[in-house]
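What follows is data19.txt (compact mmCIF, C-alpha atoms).
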```txt
# COMPACT_ATOMS: atom_id res chain seq x y z
CA MET A 1052 -301.41 173.53 97.98
CA LYS A 1053 -303.58 176.18 99.60
CA ALA A 1054 -306.82 174.87 98.09
CA LEU A 1055 -306.20 171.38 99.50
CA GLU A 1056 -305.38 172.83 102.91
CA ASN A 1057 -308.61 174.84 102.87
CA ALA A 1058 -310.66 171.79 101.88
CA VAL A 1059 -309.23 169.77 104.76
CA CYS A 1060 -309.32 172.52 107.39
CA ARG A 1061 -312.61 174.19 106.47
CA LEU A 1062 -314.63 171.20 105.26
CA MET A 1063 -313.34 167.81 106.36
CA ILE A 1064 -312.21 168.57 109.91
CA PRO A 1065 -315.22 170.77 110.82
CA SER A 1066 -317.51 168.05 109.45
CA LEU A 1067 -315.83 165.51 111.74
CA ILE A 1068 -316.00 167.82 114.76
CA PHE A 1069 -319.68 168.70 114.37
CA SER A 1070 -320.54 165.10 113.56
CA VAL A 1071 -319.14 164.11 116.94
CA ILE A 1072 -321.02 166.95 118.68
CA VAL A 1073 -324.44 166.08 117.23
CA PHE A 1074 -324.08 162.30 117.10
CA ILE A 1075 -325.71 161.46 120.43
CA PRO A 1076 -328.55 164.07 120.23
CA LYS A 1077 -329.26 163.03 116.64
CA THR A 1078 -329.27 159.32 117.48
CA VAL A 1079 -331.56 159.78 120.49
CA PHE A 1080 -333.92 162.04 118.51
CA HIS A 1081 -334.34 159.40 115.81
CA SER A 1082 -334.64 156.62 118.41
CA GLU A 1083 -331.69 154.73 116.97
CA ASP A 1084 -329.21 152.46 118.75
CA LEU A 1085 -326.06 153.97 120.20
CA ASN A 1086 -323.08 151.83 119.25
CA ILE A 1087 -319.49 152.15 118.12
CA MET A 1088 -320.13 150.95 114.57
CA SER A 1089 -322.83 153.56 114.06
CA PHE A 1090 -320.49 156.25 115.45
CA VAL A 1091 -317.66 155.27 113.12
CA THR A 1092 -319.99 155.08 110.11
CA HIS A 1093 -321.69 158.42 110.65
CA VAL A 1094 -318.68 160.40 111.84
CA PHE A 1095 -315.60 159.02 110.07
CA GLY A 1096 -317.63 157.67 107.15
CA GLY A 1097 -318.89 161.19 106.45
CA ILE A 1098 -322.56 160.24 106.68
CA SER A 1099 -323.76 162.80 109.26
CA TYR A 1100 -323.39 165.79 106.93
CA TRP A 1101 -323.90 164.68 103.35
CA PHE A 1102 -323.46 168.11 101.79
CA THR A 1103 -320.03 168.92 103.18
CA SER A 1104 -318.96 165.33 102.58
CA ALA A 1105 -319.96 165.45 98.91
CA LEU A 1106 -318.52 168.95 98.55
CA PHE A 1107 -315.19 167.82 100.02
CA VAL A 1108 -315.05 164.89 97.59
CA ALA A 1109 -315.92 167.18 94.65
CA GLN A 1110 -313.19 169.65 95.61
CA ILE A 1111 -310.56 166.94 96.02
CA VAL A 1112 -311.46 165.41 92.65
CA LEU A 1113 -311.30 168.76 90.86
CA LEU A 1114 -308.02 169.66 92.57
CA THR A 1115 -306.62 166.32 91.43
CA LEU A 1116 -307.68 167.10 87.85
CA VAL A 1117 -306.09 170.54 88.01
CA VAL A 1118 -302.77 169.15 89.29
CA THR A 1119 -302.80 166.25 86.85
CA LEU A 1120 -303.93 168.01 83.68
CA GLN A 1121 -302.45 171.46 84.37
CA ARG A 1122 -304.77 173.05 81.84
CA LYS A 1123 -306.00 176.63 82.11
CA ASP A 1124 -309.13 176.37 79.99
CA ILE A 1125 -312.33 175.69 81.91
CA TRP A 1126 -313.80 173.58 79.11
CA THR A 1127 -311.37 170.72 79.76
CA TYR A 1128 -312.52 170.46 83.35
CA LEU A 1129 -316.15 170.83 82.33
CA LEU A 1130 -315.77 167.86 79.97
CA CYS A 1131 -314.13 165.81 82.72
CA SER A 1132 -316.89 166.76 85.16
CA VAL A 1133 -319.56 165.67 82.66
CA PHE A 1134 -317.87 162.27 82.48
CA LEU A 1135 -317.64 162.07 86.28
CA PHE A 1136 -321.28 163.13 86.62
CA ALA A 1137 -322.31 160.30 84.30
CA ILE A 1138 -320.38 157.76 86.40
CA GLY A 1139 -321.78 159.02 89.69
CA TRP A 1140 -325.30 159.24 88.30
CA TYR A 1141 -325.16 155.67 87.01
CA LEU A 1142 -323.76 154.29 90.27
CA ASN A 1143 -326.46 156.07 92.27
CA CYS A 1144 -329.19 154.87 89.92
CA ILE A 1145 -328.21 151.22 90.31
CA ARG A 1146 -327.92 151.60 94.08
CA THR A 1147 -330.47 149.28 95.67
CA ASP A 1148 -330.80 150.75 99.15
CA ASN A 1149 -330.61 154.03 101.07
CA ASN A 1150 -328.87 152.77 104.18
CA ALA A 1151 -325.87 154.75 105.45
CA GLU A 1152 -323.50 152.03 104.25
CA ALA A 1153 -324.63 152.62 100.66
CA PHE A 1154 -323.08 156.10 100.71
CA LEU A 1155 -319.72 155.18 102.24
CA PRO A 1156 -317.28 156.76 102.22
CA TRP A 1157 -318.21 160.43 102.31
CA PHE A 1158 -320.99 160.25 99.69
CA TRP A 1159 -318.29 159.87 97.05
CA LYS A 1160 -320.65 158.86 94.26
CA THR A 1161 -322.77 161.96 94.83
CA GLY A 1162 -319.61 164.03 95.27
CA ILE A 1163 -318.22 163.24 91.83
CA GLU A 1164 -321.57 164.24 90.37
CA TYR A 1165 -321.35 167.66 91.97
CA THR A 1166 -318.07 168.35 90.18
CA LEU A 1167 -320.31 169.29 87.24
CA PHE A 1168 -321.96 172.09 89.20
CA MET A 1169 -318.59 173.41 90.33
CA ALA A 1170 -317.24 173.32 86.78
CA LEU A 1171 -320.35 175.13 85.54
CA GLY A 1172 -319.62 177.73 88.21
CA GLY A 1173 -316.24 178.21 86.58
CA VAL A 1174 -317.91 178.70 83.20
CA TYR A 1175 -320.25 181.28 84.73
CA MET A 1176 -317.31 183.14 86.29
CA LYS A 1177 -315.55 183.26 82.92
CA TYR A 1178 -318.59 184.58 81.04
CA GLU A 1179 -320.32 186.43 83.87
CA ASP A 1180 -320.51 189.78 82.08
CA ARG A 1181 -322.03 188.26 78.93
CA ILE A 1182 -324.56 186.31 80.94
CA HIS A 1183 -325.42 189.34 83.06
CA ALA A 1184 -326.09 191.35 79.91
CA ARG A 1185 -329.00 188.97 79.23
CA ARG A 1186 -330.20 188.91 82.85
CA LYS A 1187 -333.76 190.06 82.10
CA VAL A 1188 -334.37 187.24 79.64
CA ILE A 1189 -332.72 184.70 81.94
CA LEU A 1190 -334.67 185.94 84.97
CA THR A 1191 -337.99 185.79 83.12
CA LEU A 1192 -337.48 182.32 81.65
CA SER A 1193 -336.08 180.92 84.90
CA ALA A 1194 -339.02 182.29 86.90
CA ILE A 1195 -341.55 180.79 84.47
CA VAL A 1196 -339.90 177.36 84.46
CA TYR A 1197 -339.47 177.34 88.23
CA VAL A 1198 -343.06 178.36 88.96
CA VAL A 1199 -344.45 175.79 86.50
CA ALA A 1200 -342.27 173.04 87.96
CA THR A 1201 -343.29 173.99 91.51
CA ILE A 1202 -346.98 173.85 90.62
CA MET A 1203 -346.46 170.46 88.97
CA ALA A 1204 -344.69 169.17 92.09
CA PHE A 1205 -347.56 170.33 94.33
CA ARG A 1206 -349.92 168.44 92.04
CA GLY A 1207 -348.04 165.22 92.55
CA VAL A 1208 -345.57 165.15 89.66
CA GLY A 1209 -342.33 163.51 90.78
CA PHE A 1210 -338.91 165.04 90.13
CA GLN A 1211 -335.48 163.62 90.84
CA LEU A 1212 -333.45 166.55 92.14
CA MET A 1213 -330.02 165.15 92.99
CA GLY A 1214 -329.82 165.85 96.71
CA LEU A 1215 -327.81 163.40 98.79
CA GLY A 1216 -328.91 160.42 96.70
CA GLY A 1217 -327.49 161.83 93.47
CA ARG A 1218 -330.41 160.67 91.35
CA CYS A 1219 -331.56 163.13 88.72
CA ASP A 1220 -333.87 163.03 85.69
CA LEU A 1221 -334.28 165.52 82.84
CA PRO A 1222 -337.27 167.40 84.36
CA GLY A 1223 -335.38 167.57 87.64
CA ALA A 1224 -332.26 168.88 85.91
CA ILE A 1225 -334.31 171.60 84.20
CA TRP A 1226 -335.86 172.58 87.54
CA ILE A 1227 -332.41 172.68 89.19
CA ALA A 1228 -330.98 174.79 86.35
CA SER A 1229 -333.88 177.24 86.49
CA GLY A 1230 -333.53 177.54 90.26
CA ILE A 1231 -329.80 178.24 90.07
CA ALA A 1232 -330.26 180.75 87.25
CA LEU A 1233 -333.08 182.43 89.17
CA ILE A 1234 -331.02 182.77 92.34
CA ILE A 1235 -328.04 184.19 90.45
CA ALA A 1236 -330.20 186.67 88.55
CA LEU A 1237 -332.00 187.80 91.69
CA CYS A 1238 -328.77 188.18 93.65
CA ARG A 1239 -327.54 190.65 91.08
CA TYR A 1240 -330.49 192.87 92.01
CA ILE A 1241 -330.02 192.59 95.76
CA GLU A 1242 -327.91 195.28 97.36
CA HIS A 1243 -325.31 194.40 99.96
CA ASN A 1244 -326.72 193.91 103.44
CA ARG A 1245 -325.17 192.66 106.65
CA PHE A 1246 -327.76 189.97 107.32
CA LEU A 1247 -327.30 188.03 104.08
CA SER A 1248 -323.55 188.65 104.07
CA PHE A 1249 -323.15 187.13 107.53
CA ILE A 1250 -325.09 184.01 106.55
CA GLY A 1251 -323.17 183.73 103.27
CA GLN A 1252 -319.79 184.07 104.95
CA ASN A 1253 -320.72 181.45 107.55
CA SER A 1254 -322.98 179.23 105.46
CA ILE A 1255 -321.18 176.04 106.48
CA VAL A 1256 -321.84 176.70 110.17
CA PHE A 1257 -325.50 177.43 109.46
CA TYR A 1258 -325.63 174.16 107.52
CA PHE A 1259 -324.22 172.22 110.48
CA PHE A 1260 -327.17 173.45 112.57
CA SER A 1261 -329.76 173.23 109.78
CA GLY A 1262 -331.04 169.92 111.10
CA VAL A 1263 -330.57 170.22 114.87
CA PHE A 1264 -332.51 173.41 115.55
CA PRO A 1265 -335.47 172.83 113.17
CA ALA A 1266 -335.85 169.28 114.53
CA PHE A 1267 -335.81 170.38 118.17
CA ILE A 1268 -337.96 173.49 117.74
CA GLY A 1269 -340.34 171.60 115.45
CA MET A 1270 -340.77 168.91 118.10
CA VAL A 1271 -341.61 171.53 120.72
CA ALA A 1272 -344.00 173.27 118.32
CA ARG A 1273 -345.88 170.03 117.67
CA HIS A 1274 -346.56 169.70 121.39
CA ILE A 1275 -347.78 173.30 121.67
CA PHE A 1276 -349.79 173.58 118.46
CA SER A 1277 -352.06 170.63 117.74
CA ASP A 1278 -352.57 171.44 114.06
CA GLY A 1279 -349.57 172.50 112.03
CA ASN A 1280 -349.88 175.32 109.53
CA TYR A 1281 -347.64 177.55 107.45
CA ILE A 1282 -347.48 180.23 110.16
CA VAL A 1283 -346.06 177.71 112.62
CA THR A 1284 -343.65 176.43 109.96
CA ILE A 1285 -342.40 179.96 109.23
CA ALA A 1286 -342.04 180.65 112.95
CA VAL A 1287 -340.02 177.45 113.45
CA ALA A 1288 -337.77 178.36 110.51
CA ALA A 1289 -337.28 181.93 111.76
CA LEU A 1290 -336.45 180.81 115.30
CA SER A 1291 -334.07 178.17 113.95
CA ILE A 1292 -332.21 180.80 111.94
CA ALA A 1293 -332.07 183.10 114.97
CA LEU A 1294 -330.61 180.38 117.18
CA ALA A 1295 -328.13 179.36 114.47
CA TRP A 1296 -327.12 183.02 114.18
CA ILE A 1297 -326.46 183.30 117.93
CA VAL A 1298 -324.50 180.04 118.08
CA THR A 1299 -322.49 181.01 115.00
CA MET A 1300 -321.51 184.32 116.61
CA ILE A 1301 -320.43 182.48 119.76
CA ILE A 1302 -318.34 180.04 117.73
CA ILE A 1303 -316.68 182.82 115.71
CA ARG A 1304 -315.91 184.78 118.88
CA TYR A 1305 -314.87 182.06 121.31
CA LEU A 1306 -314.43 178.76 119.41
CA PRO A 1307 -313.11 179.66 115.92
CA PHE A 1308 -311.07 176.46 115.74
CA LEU A 1309 -314.30 174.51 115.28
CA ILE A 1310 -314.68 175.92 111.78
CA ASP A 1311 -310.99 176.18 110.92
CA ILE A 1312 -308.45 174.21 112.95
CA ARG A 1313 -305.74 176.62 111.80
CA ASN A 1314 -307.22 179.25 114.11
CA ILE A 1315 -305.55 177.48 117.03
CA LYS A 1316 -302.15 178.40 115.61
CA ARG A 1317 -303.30 181.94 114.81
CA GLY A 1318 -304.63 182.42 118.32
```

Written as structure tokens, how would this file's structure read?
Amino acid sequence: MKALENAVCRLMIPSLIFSVIVFIPKTVFHSEDLNIMSFVTHVFGGISYWFTSALFVAQIVLLTLVVTLQRKDIWTYLLCSVFLFAIGWYLNCIRTDNNAEAFLPWFWKTGIEYTLFMALGGVYMKYEDRIHARRKVILTLSAIVYVVATIMAFRGVGFQLMGLGGRCDLPGAIWIASGIALIIALCRYIEHNRFLSFIGQNSIVFYFFSGVFPAFIGMVARHIFSDGNYIVTIAVAALSIALAWIVTMIIIRYLPFLIDIRNIKRG
């Protein structure tokens, strides 16, 4: 199956490769012990990159449902994903620690939760035109909810927003939904441009470097600027994106097998 091949070649294997590449720098940066058990846990246990690990699990679970059920209606898979979300949410809520071992293997509990988001994406694709017809109302409501939730968060109100831990509460779910709806609505207004398209087409590679470059540049910035401020933060983010862009171009041009092992055969 092509979808399974893509999941393995474009998610699992690249995650393993980049986990190996960043393992030593990441361990040294966090002042952790270098040992074989830690290497095995973070690399082969899928702990280094939680997002691609959870995404891989979610894709495999949904592919299994598709092959098993062989149904064409999206609502069947949405119902199954709601059930899986409930299981994953419960297991993450009763989890008593946040050590790497608690998420083995491959953030599977969080991964089965994210099947709900993927199934909802299928619903959106099916009814995209109808939803887009009400884009102004959706954009307005989403913006209001998101701004209010952001202000509340800055004032100390706590939200559980899924993330790698998979814990979510109702206010957090509303904030997540408004954010997703807001992004979708805004994207419909944005014209095609090469900058955003390049990042979108290579988002996984940018994700692999989303921790390395900000951590390193941020460390250098702290030594140069005694008091941190938003200007420094924006500069660190901009430079991180620029470096990720350059490295991504190098990988695409000279090391394409790092992001898709099948490129070795094609080359």

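Put simply, atom CA of A:Leu1294 is 12.3 Å away from atom CA of A:Phe1259.
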
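Residue nearest A:Ile1234 within the list A:Leu1129, A:Ile1189, A:Val1079, A:Val1059: A:Ile1189 [criterion: smallest interatomic distance, all atoms listed in the file].
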
Exercise. Quick one: residues within 12 Å of stretch 1261-1266 of chain A, all atoms listed in the file counted, chain neighbours fewer than 2 positions away excluded, as a ChimeraX atom specification?
Worked result: /A:1069-1070,1072-1081,1099-1102,1254-1259,1268-1273,1283-1299

Since we have the selection now, will you write its residues out, keeping C-alpha atoms, as a PDB file, in the coordinates of the input?
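What landed in part-v1.pdb:
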```
ATOM      1  CA  PHE A1069    -319.680 168.700 114.370  1.00  0.00           C
ATOM      2  CA  SER A1070    -320.540 165.100 113.560  1.00  0.00           C
ATOM      3  CA  ILE A1072    -321.020 166.950 118.680  1.00  0.00           C
ATOM      4  CA  VAL A1073    -324.440 166.080 117.230  1.00  0.00           C
ATOM      5  CA  PHE A1074    -324.080 162.300 117.100  1.00  0.00           C
ATOM      6  CA  ILE A1075    -325.710 161.460 120.430  1.00  0.00           C
ATOM      7  CA  PRO A1076    -328.550 164.070 120.230  1.00  0.00           C
ATOM      8  CA  LYS A1077    -329.260 163.030 116.640  1.00  0.00           C
ATOM      9  CA  THR A1078    -329.270 159.320 117.480  1.00  0.00           C
ATOM     10  CA  VAL A1079    -331.560 159.780 120.490  1.00  0.00           C
ATOM     11  CA  PHE A1080    -333.920 162.040 118.510  1.00  0.00           C
ATOM     12  CA  HIS A1081    -334.340 159.400 115.810  1.00  0.00           C
ATOM     13  CA  SER A1099    -323.760 162.800 109.260  1.00  0.00           C
ATOM     14  CA  TYR A1100    -323.390 165.790 106.930  1.00  0.00           C
ATOM     15  CA  TRP A1101    -323.900 164.680 103.350  1.00  0.00           C
ATOM     16  CA  PHE A1102    -323.460 168.110 101.790  1.00  0.00           C
ATOM     17  CA  SER A1254    -322.980 179.230 105.460  1.00  0.00           C
ATOM     18  CA  ILE A1255    -321.180 176.040 106.480  1.00  0.00           C
ATOM     19  CA  VAL A1256    -321.840 176.700 110.170  1.00  0.00           C
ATOM     20  CA  PHE A1257    -325.500 177.430 109.460  1.00  0.00           C
ATOM     21  CA  TYR A1258    -325.630 174.160 107.520  1.00  0.00           C
ATOM     22  CA  PHE A1259    -324.220 172.220 110.480  1.00  0.00           C
ATOM     23  CA  ILE A1268    -337.960 173.490 117.740  1.00  0.00           C
ATOM     24  CA  GLY A1269    -340.340 171.600 115.450  1.00  0.00           C
ATOM     25  CA  MET A1270    -340.770 168.910 118.100  1.00  0.00           C
ATOM     26  CA  VAL A1271    -341.610 171.530 120.720  1.00  0.00           C
ATOM     27  CA  ALA A1272    -344.000 173.270 118.320  1.00  0.00           C
ATOM     28  CA  ARG A1273    -345.880 170.030 117.670  1.00  0.00           C
ATOM     29  CA  VAL A1283    -346.060 177.710 112.620  1.00  0.00           C
ATOM     30  CA  THR A1284    -343.650 176.430 109.960  1.00  0.00           C
ATOM     31  CA  ILE A1285    -342.400 179.960 109.230  1.00  0.00           C
ATOM     32  CA  ALA A1286    -342.040 180.650 112.950  1.00  0.00           C
ATOM     33  CA  VAL A1287    -340.020 177.450 113.450  1.00  0.00           C
ATOM     34  CA  ALA A1288    -337.770 178.360 110.510  1.00  0.00           C
ATOM     35  CA  ALA A1289    -337.280 181.930 111.760  1.00  0.00           C
ATOM     36  CA  LEU A1290    -336.450 180.810 115.300  1.00  0.00           C
ATOM     37  CA  SER A1291    -334.070 178.170 113.950  1.00  0.00           C
ATOM     38  CA  ILE A1292    -332.210 180.800 111.940  1.00  0.00           C
ATOM     39  CA  ALA A1293    -332.070 183.100 114.970  1.00  0.00           C
ATOM     40  CA  LEU A1294    -330.610 180.380 117.180  1.00  0.00           C
ATOM     41  CA  ALA A1295    -328.130 179.360 114.470  1.00  0.00           C
ATOM     42  CA  TRP A1296    -327.120 183.020 114.180  1.00  0.00           C
ATOM     43  CA  ILE A1297    -326.460 183.300 117.930  1.00  0.00           C
ATOM     44  CA  VAL A1298    -324.500 180.040 118.080  1.00  0.00           C
ATOM     45  CA  THR A1299    -322.490 181.010 115.000  1.00  0.00           C
TER      46      THR A1299
END
```

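Closest to A:Leu1106 among A:Gly1209, A:Gly1173, A:Gly1214, A:Pro1307 is A:Gly1214, based on all atoms listed in the file.
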
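Among the candidates A:Met1203, A:Val1198, A:Cys1131, A:Ile1231, the residue lying nearest to A:Gly1172 is A:Ile1231 (atoms considered: only C-alpha atoms).
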
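Going from atom CA of A:Leu1167 to atom CA of A:Thr1147 covers 24.0 Å.
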
Would you compute an axis-aligned box for stretch 1209-1212 of chain A, covering every atom listed for it in the file with 6 Å of margin on each side, and report centre and edge lengths in Å to one decimal as JSON?
```
{"center_x": -337.9, "center_y": 165.0, "center_z": 91.1, "size_x": 20.9, "size_y": 15.0, "size_z": 14.0}
```

For this session: Would you kindly return, as a ChimeraX atom specification, each protein, DNA or RNA residue with an atom no farther than 12 Å from any atom of A:Val1188, considering all atoms listed in the file and excluding same-chain residues fewer than 5 positions away?
Result: /A:1182-1183,1193-1195,1232-1233,1236

Exercise. Counting only C-alpha atoms, what is within 12 Å of A:Gly1216, bar same-chain residues fewer than 2 positions away, as a ChimeraX atom specification?
Worked result: /A:1098,1101-1102,1105,1139-1151,1153-1155,1158-1162,1164-1165,1211-1214,1218-1219

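Between A:Leu1192 and the candidates A:Ala1228, A:Arg1245, A:Phe1267, A:Ser1132, the tightest atom-to-atom separation, counting all atoms listed in the file, involves A:Ala1228.
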
Problem set entry | Point-to-point distance in Å for atom CA of A:Lys1123 and atom CA of A:Arg1061 | 25.4 Å

For this session: Write out as JSON, numbers by chain each polymer residue whose atoms come within 10 Å of A:Ala1200, counting only C-alpha atoms; drop sequence neighbours fewer than 5 positions from it.
Result: {"A": [1194, 1195, 1205, 1206, 1208, 1209, 1210, 1222, 1223, 1225, 1226, 1227, 1229]}

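Minimum atom-to-atom distance to A:Tyr1178, evaluated using all atoms listed in the file, belongs to A:Ile1125 out of A:Gly1217, A:Ile1250, A:Ile1125, A:Ala1109.
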
Selecting C-alpha atoms, how would stretch 1067-1102 of chain A from this structure be written as a tab-separated table (two decimals), in the first residue's frame?
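Below you can see result00.tsv, which holds the result:
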```tsv
chain	number	residue	atom	x	y	z
A	1067	LEU	CA	15.16	7.70	13.13
A	1068	ILE	CA	17.88	9.30	11.00
A	1069	PHE	CA	17.52	12.79	12.46
A	1070	SER	CA	17.20	11.37	15.96
A	1071	VAL	CA	20.62	9.80	15.53
A	1072	ILE	CA	22.06	13.05	14.12
A	1073	VAL	CA	20.86	15.27	16.98
A	1074	PHE	CA	21.18	12.79	19.83
A	1075	ILE	CA	24.65	13.77	21.05
A	1076	PRO	CA	24.24	17.58	20.61
A	1077	LYS	CA	20.83	17.42	22.30
A	1078	THR	CA	22.12	15.31	25.20
A	1079	VAL	CA	25.13	17.58	25.78
A	1080	PHE	CA	22.98	20.71	25.56
A	1081	HIS	CA	20.64	19.42	28.26
A	1082	SER	CA	23.58	18.17	30.37
A	1083	GLU	CA	22.27	14.61	30.36
A	1084	ASP	CA	24.23	11.36	30.54
A	1085	LEU	CA	25.36	9.72	27.32
A	1086	ASN	CA	24.57	6.01	27.44
A	1087	ILE	CA	23.28	3.22	25.25
A	1088	MET	CA	19.93	2.91	27.01
A	1089	SER	CA	19.20	6.59	26.53
A	1090	PHE	CA	20.16	6.30	22.85
A	1091	VAL	CA	17.87	3.33	22.28
A	1092	THR	CA	15.00	4.99	24.15
A	1093	HIS	CA	15.18	8.33	22.37
A	1094	VAL	CA	16.00	7.07	18.89
A	1095	PHE	CA	14.30	3.69	18.44
A	1096	GLY	CA	11.65	4.44	21.05
A	1097	GLY	CA	10.57	7.47	19.03
A	1098	ILE	CA	11.05	9.92	21.89
A	1099	SER	CA	13.33	12.49	20.20
A	1100	TYR	CA	10.65	13.82	17.86
A	1101	TRP	CA	7.25	13.44	19.48
A	1102	PHE	CA	5.26	15.01	16.66
```
